[in-house]
file work_21.txt (compact mmCIF, C-alpha atoms and all ligand atoms)
# COMPACT_ATOMS: atom_id res chain seq x y z
CA MET X 71 0.00 0.00 0.00
CA SER X 72 1.39 3.44 -0.86
CA SER X 73 2.01 6.01 1.89
CA CYS X 74 -0.86 8.13 0.53
CA CYS X 75 -3.24 5.15 0.81
CA ILE X 76 -2.05 4.35 4.32
CA GLY X 77 -2.72 7.97 5.33
CA LYS X 78 -6.23 7.83 3.85
CA VAL X 79 -7.07 4.51 5.49
CA LEU X 80 -5.70 5.66 8.84
CA ASN X 81 -7.64 8.89 8.62
CA GLU X 82 -10.86 7.00 7.89
CA TYR X 83 -10.14 4.49 10.64
CA SER X 84 -9.50 7.29 13.17
CA PHE X 85 -12.84 8.95 12.30
CA LYS X 86 -14.66 5.65 12.81
CA ILE X 87 -12.87 5.07 16.11
CA GLU X 88 -13.78 8.62 17.12
CA SER X 89 -17.51 7.84 16.71
CA LEU X 90 -17.03 4.64 18.66
CA ASN X 91 -15.30 6.60 21.39
CA VAL X 92 -18.43 8.74 21.74
CA VAL X 93 -20.60 5.61 22.03
CA VAL X 94 -18.32 4.06 24.65
CA LEU X 95 -17.98 7.23 26.75
CA LYS X 96 -21.76 7.70 26.73
CA ALA X 97 -22.35 4.07 27.68
CA LEU X 98 -19.87 4.31 30.57
CA ALA X 99 -21.59 7.47 31.82
CA ARG X 100 -25.04 5.87 31.54
CA SER X 101 -23.84 2.80 33.45
CA LEU X 102 -23.16 5.13 36.40
CA ASN X 103 -26.52 6.94 36.04
CA LEU X 104 -24.70 10.10 34.97
CA GLU X 105 -25.65 12.44 32.12
CA ASP X 106 -24.68 10.84 28.78
CA ASP X 107 -22.20 13.59 27.90
CA CYS X 108 -20.53 14.01 31.25
CA PHE X 109 -17.26 12.27 30.30
CA LEU X 110 -17.29 13.70 26.78
CA ASN X 111 -17.77 17.23 28.08
CA GLN X 112 -14.70 16.90 30.26
CA TYR X 113 -12.54 16.48 27.16
CA GLY X 114 -13.34 20.04 26.13
CA LYS X 115 -11.39 21.14 23.05
CA THR X 116 -8.21 19.42 24.14
CA SER X 117 -9.18 15.92 23.04
CA LYS X 118 -6.38 14.21 21.19
CA ILE X 119 -6.31 11.07 19.08
CA ASN X 120 -3.03 9.20 18.75
CA ALA X 121 -2.54 6.22 16.47
CA ARG X 122 0.38 3.85 16.69
CA PHE X 123 1.40 0.70 14.86
CA ASN X 124 3.15 -1.74 17.20
CA TYR X 125 5.46 -4.25 15.56
CA TYR X 126 6.93 -7.11 17.59
CA PRO X 127 9.50 -9.12 15.61
CA PRO X 128 10.11 -12.79 16.49
CA CYS X 129 12.51 -13.11 19.40
CA PRO X 130 14.76 -16.11 20.16
CA CYS X 131 14.45 -15.57 23.95
CA PRO X 132 10.74 -14.83 24.60
CA GLU X 133 11.10 -15.85 28.26
CA LYS X 134 13.65 -13.07 28.81
CA VAL X 135 12.20 -10.29 26.66
CA LEU X 136 8.96 -8.31 26.69
CA GLY X 137 7.45 -6.54 23.69
CA LEU X 138 6.11 -3.85 26.03
CA LYS X 139 6.74 -3.68 29.75
CA PRO X 140 3.83 -3.48 32.23
CA HIS X 141 1.91 -0.20 32.00
CA GLY X 142 -1.51 1.38 32.17
CA ASP X 143 -2.57 3.38 29.11
CA GLY X 144 -2.36 7.15 29.61
CA SER X 145 -5.62 7.63 27.68
CA ALA X 146 -9.26 7.88 28.57
CA ILE X 147 -10.05 4.93 26.30
CA THR X 148 -7.83 2.84 24.03
CA PHE X 149 -8.96 0.89 20.97
CA LEU X 150 -6.65 -1.93 19.96
CA LEU X 151 -6.89 -3.88 16.72
CA GLN X 152 -4.96 -7.01 17.54
CA ASP X 153 -2.95 -9.17 15.20
CA LYS X 154 -5.31 -11.66 13.53
CA GLU X 155 -3.29 -14.73 14.55
CA VAL X 156 -0.61 -14.09 17.11
CA GLU X 157 -1.47 -13.47 20.76
CA GLY X 158 0.75 -11.40 23.04
CA LEU X 159 -1.31 -8.97 25.11
CA GLN X 160 -1.57 -9.93 28.80
CA LEU X 161 -3.52 -8.35 31.67
CA LEU X 162 -2.67 -8.54 35.34
CA LYS X 163 -5.65 -10.15 37.07
CA ASP X 164 -5.47 -11.32 40.70
CA ASP X 165 -1.65 -11.09 40.53
CA GLN X 166 -1.49 -13.39 37.48
CA TRP X 167 -0.73 -12.45 33.87
CA VAL X 168 -3.67 -13.56 31.76
CA GLY X 169 -3.53 -13.68 27.93
CA VAL X 170 -6.12 -11.68 25.99
CA PRO X 171 -7.44 -13.96 23.23
CA VAL X 172 -7.34 -12.99 19.60
CA VAL X 173 -10.83 -12.48 18.18
CA PRO X 174 -10.40 -11.78 14.44
CA ASP X 175 -11.67 -8.33 13.40
CA ALA X 176 -12.80 -7.48 16.94
CA LEU X 177 -11.45 -4.47 18.80
CA THR X 178 -10.02 -4.77 22.28
CA ILE X 179 -11.24 -1.72 24.22
CA ASN X 180 -9.27 -0.69 27.27
CA VAL X 181 -9.98 1.81 30.03
CA GLY X 182 -7.01 4.15 30.49
CA ASP X 183 -5.62 6.13 33.42
CA GLN X 184 -7.58 9.29 32.51
CA MET X 185 -10.88 7.39 32.70
CA GLU X 186 -9.84 5.91 36.05
CA ILE X 187 -9.23 9.46 37.28
CA MET X 188 -12.37 10.91 35.66
CA SER X 189 -14.48 8.21 37.29
CA ASN X 190 -12.67 8.74 40.60
CA GLY X 191 -11.42 5.14 40.57
CA ILE X 192 -14.68 3.40 39.61
CA PHE X 193 -13.38 2.25 36.21
CA LYS X 194 -9.91 0.78 36.65
CA SER X 195 -7.11 1.16 34.14
CA PRO X 196 -5.67 -2.38 34.00
CA LEU X 197 -1.95 -3.07 34.10
CA HIS X 198 -0.96 -4.86 30.90
CA ARG X 199 2.15 -5.95 29.02
CA VAL X 200 3.05 -7.65 25.74
CA SER X 201 4.97 -10.90 25.37
CA VAL X 202 6.85 -11.88 22.21
CA ASP X 203 6.84 -15.06 20.16
CA SER X 204 9.95 -17.05 19.26
CA LYS X 205 8.83 -17.71 15.68
CA LYS X 206 6.11 -15.32 14.67
CA GLU X 207 6.00 -11.57 14.25
CA ARG X 208 3.01 -9.64 15.58
CA MET X 209 1.48 -6.33 14.59
CA THR X 210 -1.25 -4.31 16.30
CA VAL X 211 -2.87 -0.92 15.72
CA TYR X 212 -3.49 1.15 18.78
CA VAL X 213 -5.64 4.29 18.83
CA LEU X 214 -6.08 6.28 21.99
CA HIS X 215 -8.25 9.17 23.03
CA ALA X 216 -6.84 11.45 25.65
CA SER X 217 -7.51 14.88 27.05
CA ASN X 218 -5.04 17.52 28.21
CA ARG X 219 -7.54 19.19 30.50
CA LYS X 220 -6.75 19.83 34.10
CA GLU X 221 -10.12 19.29 35.71
CA HIS X 222 -11.57 15.83 35.27
CA TRP X 223 -13.80 15.09 38.18
CA THR X 224 -17.20 13.55 37.74
CA CYS X 225 -17.84 10.91 40.34
CA ILE X 226 -16.99 12.73 43.53
CA THR X 227 -19.66 12.56 46.20
CA ASP X 228 -19.73 12.85 49.97
CA GLU X 229 -19.43 9.06 50.15
CA THR X 230 -16.62 8.87 47.56
CA PRO X 231 -14.27 11.80 48.12
CA ARG X 232 -11.65 12.71 45.55
CA LEU X 233 -8.95 10.04 45.23
CA TYR X 234 -6.63 11.85 42.81
CA LYS X 235 -4.72 15.13 42.96
CA ASN X 236 -5.78 18.03 40.77
CA ILE X 237 -2.94 17.83 38.27
CA THR X 238 -2.80 18.04 34.49
CA PHE X 239 -2.53 14.48 33.23
CA THR X 240 -0.84 14.67 29.83
CA LEU X 241 0.54 11.83 27.75
CA ASP X 242 4.03 13.27 28.44
CA PHE X 243 3.38 12.92 32.14
CA MET X 244 2.35 9.30 31.59
CA HIS X 245 5.48 8.58 29.50
CA LYS X 246 7.82 10.19 32.05
CA ASN X 247 6.42 7.95 34.76
CA TYR X 248 6.58 4.92 32.42
CA GLN X 249 10.30 5.52 31.84
CA LEU X 250 10.79 5.65 35.60
CA GLY X 251 8.94 2.33 35.98
CA ARG X 252 5.98 3.96 37.76
CA ARG X 253 2.27 4.14 37.04
CA ALA X 254 1.20 7.69 36.30
CA ASN X 255 -2.14 7.35 38.09
CA ASP X 256 -0.33 6.10 41.22
CA ALA X 257 1.66 9.35 41.10
CA CYS X 258 -1.69 11.22 41.06
CA LYS X 259 -3.21 9.48 44.07
CA ILE X 260 -3.89 11.63 47.12
O1 LIG X 301 0.24 -4.45 21.09
C1 LIG X 301 -0.50 -4.76 22.03
O2 LIG X 301 -1.07 -5.85 22.12
C2 LIG X 301 -0.75 -3.78 23.15
C3 LIG X 301 -0.16 -2.43 22.90
C4 LIG X 301 -0.27 -1.54 24.09
O3 LIG X 301 -0.60 -1.91 25.19
C5 LIG X 301 0.07 -0.11 23.93
O4 LIG X 301 0.49 0.27 22.80
O5 LIG X 301 -0.10 0.63 24.90
FE FE X 302 -1.09 -0.31 26.47
call {"tool": "encode", "arguments": {"input": "work_21.txt", "output": "structure tokens", "more": "lines below"}}
Ligand SMILES: O=C(O)CCC(=O)C(=O)O
Ligand SMILES: [Fe+2]
result
Amino acid sequence: MSSCCIGKVLNEYSFKIESLNVVVLKALARSLNLEDDCFLNQYGKTSKINARFNYYPPCPCPEKVLGLKPHGDGSAITFLLQDKEVEGLQLLKDDQWVGVPVVPDALTINVGDQMEIMSNGIFKSPLHRVSVDSKKERMTVYVLHASNRKEHWTCITDETPRLYKNITFTLDFMHKNYQLGRRANDACKI
């Protein structure tokens, strides 16, 4: 595919994911009996979409090497189109790494750190990592929606006081913490 075609396809894909993002954010709000737009409104005009192709080449020592080290996504929501055949994504559940199965043509939708903060800890941003395969390469397409806004507080009540500090949670902030081996939302906890 030529670079012009890739750009066009990616642009189209991002627009489709953008509409899906609206559906998911509204559904999450509704599930908490909040106004449909309450998470969307918190994005304001600073909403950002990032797309990334992740390529994991075969690795002769998969037991010693990770494709991506453990992290939480710095987004509100992440949409991942997994490789059609090769598994690799793992979630930490009850202190065990659990593989996320490949479902061809399905999207894996992940809650990110910003949604954990916006929901005051109700929706958790799971810790995940990527393993590599000794024989097969793997490719995934990752699109995230994030906000650069400072105020993101929806689910604070007298019974559930604010759990996170009032700081601007940018993707840079997430990456700085990632490089230091820390979770950005842990650094935001009060
Ligand atoms: O490639 C994958 O399966 C996951 C990628 C991921 O977690 C990320 O890019 O943040
Ligand atoms: Fe991730």
call {"tool": "closest_atom_pairs", "arguments": {"input": "work_21.txt", "of": "chain X", "to": "ligand LIG 301 (chain X)", "cutoff": "6 Å", "atoms": "all atoms listed in the file", "output": "tab-separated table"}}
result
residue	atom	partner	partner_atom	distance
X:Asn124	CA	X:LIG301	O1	5.6
X:Asp143	CA	X:LIG301	O5	5.6
X:Gly158	CA	X:LIG301	O2	5.9
X:Leu159	CA	X:LIG301	O2	4.3
X:Val200	CA	X:LIG301	O2	5.8
X:Thr210	CA	X:LIG301	O1	5.0
X:Tyr212	CA	X:LIG301	O4	5.7
call {"tool": "closest_residue", "arguments": {"input": "work_21.txt", "among": "X:Asp256, X:Glu186, X:Pro127, X:Ala121", "to": "Ile87 (chain X)", "atoms": "all atoms listed in the file"}}
result
X:Ala121
call {"tool": "residues_near_ligand", "arguments": {"input": "work_21.txt", "ligand": "ligand FE 302 (chain X)", "cutoff": "12 Å", "atoms": "only C-alpha atoms and all ligand atoms", "output": "PyMOL selection string"}}
result
chain X and resi 122-124+137-152+158-161+178-183+195-200+210-214+244-245+248+253
call {"tool": "closest_residue", "arguments": {"input": "work_21.txt", "among": "X:Ile192, X:Ile260, X:Ala216, X:Cys74", "to": "Lys235 (chain X)", "atoms": "only C-alpha atoms"}}
result
X:Ile260
call {"tool": "closest_residue", "arguments": {"input": "work_21.txt", "among": "X:Tyr83, X:Ala97, X:Lys194, X:Ser117", "to": "Leu162 (chain X)", "atoms": "all atoms listed in the file"}}
result
X:Lys194
call {"tool": "closest_residue", "arguments": {"input": "work_21.txt", "among": "X:Thr240, X:Ser204, X:Gln112, X:Thr224", "to": "Cys258 (chain X)", "atoms": "all atoms listed in the file"}}
result
X:Thr240
call {"tool": "closest_residue", "arguments": {"input": "work_21.txt", "among": "X:Asn247, X:Asn120, X:Tyr126, X:Glu105", "to": "Asn81 (chain X)", "atoms": "only C-alpha atoms"}}
result
X:Asn120
call {"tool": "atom_distance", "arguments": {"input": "work_21.txt", "atom1": "CA of Leu110 (chain X)", "atom2": "CA of Phe85 (chain X)"}}
result
15.9 Å
call {"tool": "closest_residue", "arguments": {"input": "work_21.txt", "among": "X:Lys206, X:Val135, X:Cys225, X:Gln184", "to": "Leu102 (chain X)", "atoms": "all atoms listed in the file"}}
result
X:Cys225
call {"tool": "atom_distance", "arguments": {"input": "work_21.txt", "atom1": "CA of Val156 (chain X)", "atom2": "CA of Lys134 (chain X)"}}
result
18.5 Å
call {"tool": "atom_distance", "arguments": {"input": "work_21.txt", "atom1": "CA of Val170 (chain X)", "atom2": "CA of Glu155 (chain X)"}}
result
12.2 Å
call {"tool": "residues_near_point", "arguments": {"input": "work_21.txt", "point": "(-17.8, 10.9, 28.0)", "cutoff": "8 Å", "atoms": "all atoms listed in the file", "output": "JSON, numbers by chain"}}
result
{"X": [92, 94, 95, 96, 98, 99, 106, 107, 108, 109, 110, 111, 112, 113]}
call {"tool": "write_last_selection", "arguments": {"input": "work_21.txt", "atoms": "C-alpha atoms", "output": "PDB file, in the frame of the given file"}}
result
ATOM      1  CA  VAL X  92     -18.430   8.740  21.740  1.00  0.00           C
ATOM      2  CA  VAL X  94     -18.320   4.060  24.650  1.00  0.00           C
ATOM      3  CA  LEU X  95     -17.980   7.230  26.750  1.00  0.00           C
ATOM      4  CA  LYS X  96     -21.760   7.700  26.730  1.00  0.00           C
ATOM      5  CA  LEU X  98     -19.870   4.310  30.570  1.00  0.00           C
ATOM      6  CA  ALA X  99     -21.590   7.470  31.820  1.00  0.00           C
ATOM      7  CA  ASP X 106     -24.680  10.840  28.780  1.00  0.00           C
ATOM      8  CA  ASP X 107     -22.200  13.590  27.900  1.00  0.00           C
ATOM      9  CA  CYS X 108     -20.530  14.010  31.250  1.00  0.00           C
ATOM     10  CA  PHE X 109     -17.260  12.270  30.300  1.00  0.00           C
ATOM     11  CA  LEU X 110     -17.290  13.700  26.780  1.00  0.00           C
ATOM     12  CA  ASN X 111     -17.770  17.230  28.080  1.00  0.00           C
ATOM     13  CA  GLN X 112     -14.700  16.900  30.260  1.00  0.00           C
ATOM     14  CA  TYR X 113     -12.540  16.480  27.160  1.00  0.00           C
TER      15      TYR X 113
END
call {"tool": "decode", "arguments": {"input": "work_21.txt", "residues": "region 93-106 of chain X", "atoms": "C-alpha atoms", "output": "PDB file, in the first residue's frame"}}
result
ATOM      1  CA  VAL X  93     -20.601   5.609  22.033  1.00  0.00           C
ATOM      2  CA  VAL X  94     -18.318   4.061  24.650  1.00  0.00           C
ATOM      3  CA  LEU X  95     -17.977   7.226  26.748  1.00  0.00           C
ATOM      4  CA  LYS X  96     -21.755   7.704  26.735  1.00  0.00           C
ATOM      5  CA  ALA X  97     -22.354   4.066  27.684  1.00  0.00           C
ATOM      6  CA  LEU X  98     -19.865   4.306  30.568  1.00  0.00           C
ATOM      7  CA  ALA X  99     -21.588   7.468  31.824  1.00  0.00           C
ATOM      8  CA  ARG X 100     -25.037   5.871  31.545  1.00  0.00           C
ATOM      9  CA  SER X 101     -23.839   2.802  33.450  1.00  0.00           C
ATOM     10  CA  LEU X 102     -23.157   5.131  36.402  1.00  0.00           C
ATOM     11  CA  ASN X 103     -26.525   6.936  36.038  1.00  0.00           C
ATOM     12  CA  LEU X 104     -24.697  10.102  34.970  1.00  0.00           C
ATOM     13  CA  GLU X 105     -25.645  12.442  32.119  1.00  0.00           C
ATOM     14  CA  ASP X 106     -24.675  10.840  28.778  1.00  0.00           C
TER      15      ASP X 106
END
